[in-house]
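Everything on this sheet refers to the single structure shown next.
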Amino acid sequence: MIRQFLPVTALLLGSALLLFAGGLNGLILPVRGSAEGFSAYSLGLLGTGWAVGYVLGCVFAPRLVGAVGHIRTFGVMCAFAAVAVLLQALVVEMWAWIPTRAIAGFCFAGAAMIVESWLNDRAQPSTRGAIFGVYTMVNLAAITAGQMAISLGDASGFVFFAIAAIVYALALVPTALSTQATPAPLTSVQLNLAALWRNSPVAVVAVFLVGVSNASFGALAAVYADRIGLNLTAIALFASIPVLAGAVAQIPVGLASDRMDRRIVLIAVAVTALAADLAFVLLAPESRVMNLALVGLFGAAIFSMYPIIVAHANDHAPPGTSIQVSGGLLMVFGLGSIVGPLAAGFLMTDYFGPRGLFVTTVISHVVVIGFGLYRIYRSPAVAASDKGSFRAFGTTRAATPETAALAEGEDEAEALGEAQAQKDAAGA
């Protein structure tokens, strides 16, 4: 079993370092910014800047790789990400942080796509499923470790910025020293809203609103936790527990969505998220235990919605188009990720205070529920025989068009395996 992973060990290590640095940098900025007195709206702009850069990275990274190759592009991405983090430490001003955050988002997307392209190329049909599963777990563990690392020191200094920059620089070492052959070109994706809408209206609407909700939380969760008085360790837990809860929740959610109308499961999960939203808004909990318990329920819901949406859209997708559909939905999710932190930051600054974060998610989840019910009324469910399989995602934050290609390759491998088993059985 270990021998199967030796060819991709360097790639998994590089991915882990990327996610660790990204998780640490993504949490230190709102914590430090809140301590510096930056408004929630301006801190929301950091999330918007990162989302803009990430979407542009998904679009333009394949062109850069096509021009100069995988290893050089990966090195440039890691270098610029490290430089962006160091500039944030040197210039503690919002006018400097927003563009550097966009640069970091661009570089992170490009580097992640390159790693996933290599994994996709190195994986054999017999090992693809195991590699995708290990890759998902490595990413989940790395981003959680990066977020929790902030609890080990003082967020007011230079240290955590320097650590994030160092780890970004170290991330280029495994691939630079790898002897593996250069993989095929990266997966390019074009946003075709009309085609996506024809394929599944509920997927387009829901994935945009989930982008709004999840990106709002990702950008401003630390700000909320800081402003209700939680200490640094609790802030790190407040950001990390939802990601872990979402990963665990995808197991029962996936089983349910494979056995019944995925739209019903999506609505049920959105109702769960709405219950947590309303608890934050109406109860305004102050204790550490209550906040961590509620945010665990919240994370279990919001981070299991995206894979349901992708699976539902692929159930309707014409044969051979699932990668394009999944990549297009990721772009729509990215557009929602641009809007969400802006809206939540505005509501937190001028109207509701810290609770404005969850007012934003309330609106998002109410619309998901309402539109999902409308589509159930208008359109019948997909027949069980036409449904694909649910595919779990460790964290949407790390998903790229190459993730869709890697997951699709796993499905193809499973299909080939089943076909071969049927052939062998017939021969017997």
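Each chain in the structure tokens gets a letter, A, B and so on, in the order shown; residues start at 1 in every chain, and ligands are counted from 1 in the order they appear.
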
Polymer residues at most 12 Å from Ala111 (chain A), only C-alpha atoms, same-chain spacing of 4 or more positions, as a PyMOL selection string: chain A and resi 11+14-19+22+54+57-58+60-62+64-65+70-81+104-107+115-118+168-169+171-172+175+186+398-400+402

Using the selection just defined, write its residues with C-alpha atoms as a short mmCIF file (atom, residue, chain, number, x, y, z; two decimals), in the first residue's frame.
```cif
data_model
loop_
_atom_site.label_atom_id
_atom_site.label_comp_id
_atom_site.auth_asym_id
_atom_site.auth_seq_id
_atom_site.Cartn_x
_atom_site.Cartn_y
_atom_site.Cartn_z
CA LEU A 11 3.26 16.29 -4.35
CA GLY A 14 3.90 20.26 -1.34
CA SER A 15 0.11 20.43 -1.09
CA ALA A 16 0.24 20.12 2.71
CA LEU A 17 2.71 23.00 2.96
CA LEU A 18 0.54 25.15 0.68
CA LEU A 19 -2.58 24.53 2.76
CA GLY A 22 -2.79 29.39 3.42
CA TYR A 54 -8.34 32.86 -6.68
CA GLY A 57 -5.75 32.13 -10.86
CA CYS A 58 -8.06 29.28 -11.86
CA PHE A 60 -5.11 32.16 -16.11
CA ALA A 61 -2.80 29.62 -14.45
CA PRO A 62 -3.27 27.08 -17.30
CA LEU A 64 1.10 30.40 -17.64
CA VAL A 65 1.85 26.70 -17.35
CA HIS A 70 4.75 23.37 -14.47
CA ILE A 71 7.87 23.62 -12.29
CA ARG A 72 8.72 27.21 -13.18
CA THR A 73 5.14 28.35 -12.74
CA PHE A 74 4.86 26.55 -9.41
CA GLY A 75 8.06 28.20 -8.19
CA VAL A 76 6.82 31.64 -9.22
CA MET A 77 3.48 31.08 -7.48
CA CYS A 78 5.11 30.04 -4.21
CA ALA A 79 7.61 32.92 -4.38
CA PHE A 80 4.98 35.59 -4.98
CA ALA A 81 2.71 34.13 -2.28
CA ALA A 104 -1.89 35.39 -2.62
CA GLY A 105 -5.24 34.07 -3.85
CA PHE A 106 -4.02 34.00 -7.45
CA CYS A 107 -0.79 32.21 -6.52
CA VAL A 115 -0.15 19.92 -7.70
CA GLU A 116 -3.51 18.40 -8.63
CA SER A 117 -2.53 18.13 -12.28
CA TRP A 118 0.57 16.18 -11.26
CA TYR A 168 5.14 28.95 1.20
CA ALA A 169 8.81 28.98 0.15
CA ALA A 171 6.31 24.26 -0.59
CA LEU A 172 8.24 24.63 -3.85
CA THR A 175 8.18 19.54 -6.64
CA LEU A 186 -3.79 22.06 -16.81
CA ALA A 398 -8.85 24.42 -1.86
CA ALA A 399 -11.04 23.23 -4.75
CA THR A 400 -9.94 24.09 -8.31
CA GLU A 402 -8.13 20.34 -11.44
#
```

Residues near region 334-345 of chain A, cut-off 9 Å, only C-alpha atoms, skip fewer than 2 positions along chain, as a PyMOL selection string: chain A and resi 39-52+54-55+207-220+329-332+347-350+356-361

In terms of the shortest atom-to-atom distance over only C-alpha atoms, which of A:Ala311, A:Ala284, A:Leu87, A:Ala164 is closest to Val325 (chain A)?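 Smallest separation from Val325 (chain A) among the options: A:Ala311.
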
Write out as a PyMOL selection string the residues lying within 12 Å of Ala392 (chain A), counting only C-alpha atoms and excluding same-chain residues fewer than 6 positions away. chain A and resi 129+132-133+135-137+140+246-255+257+303-311+399+403-404+407
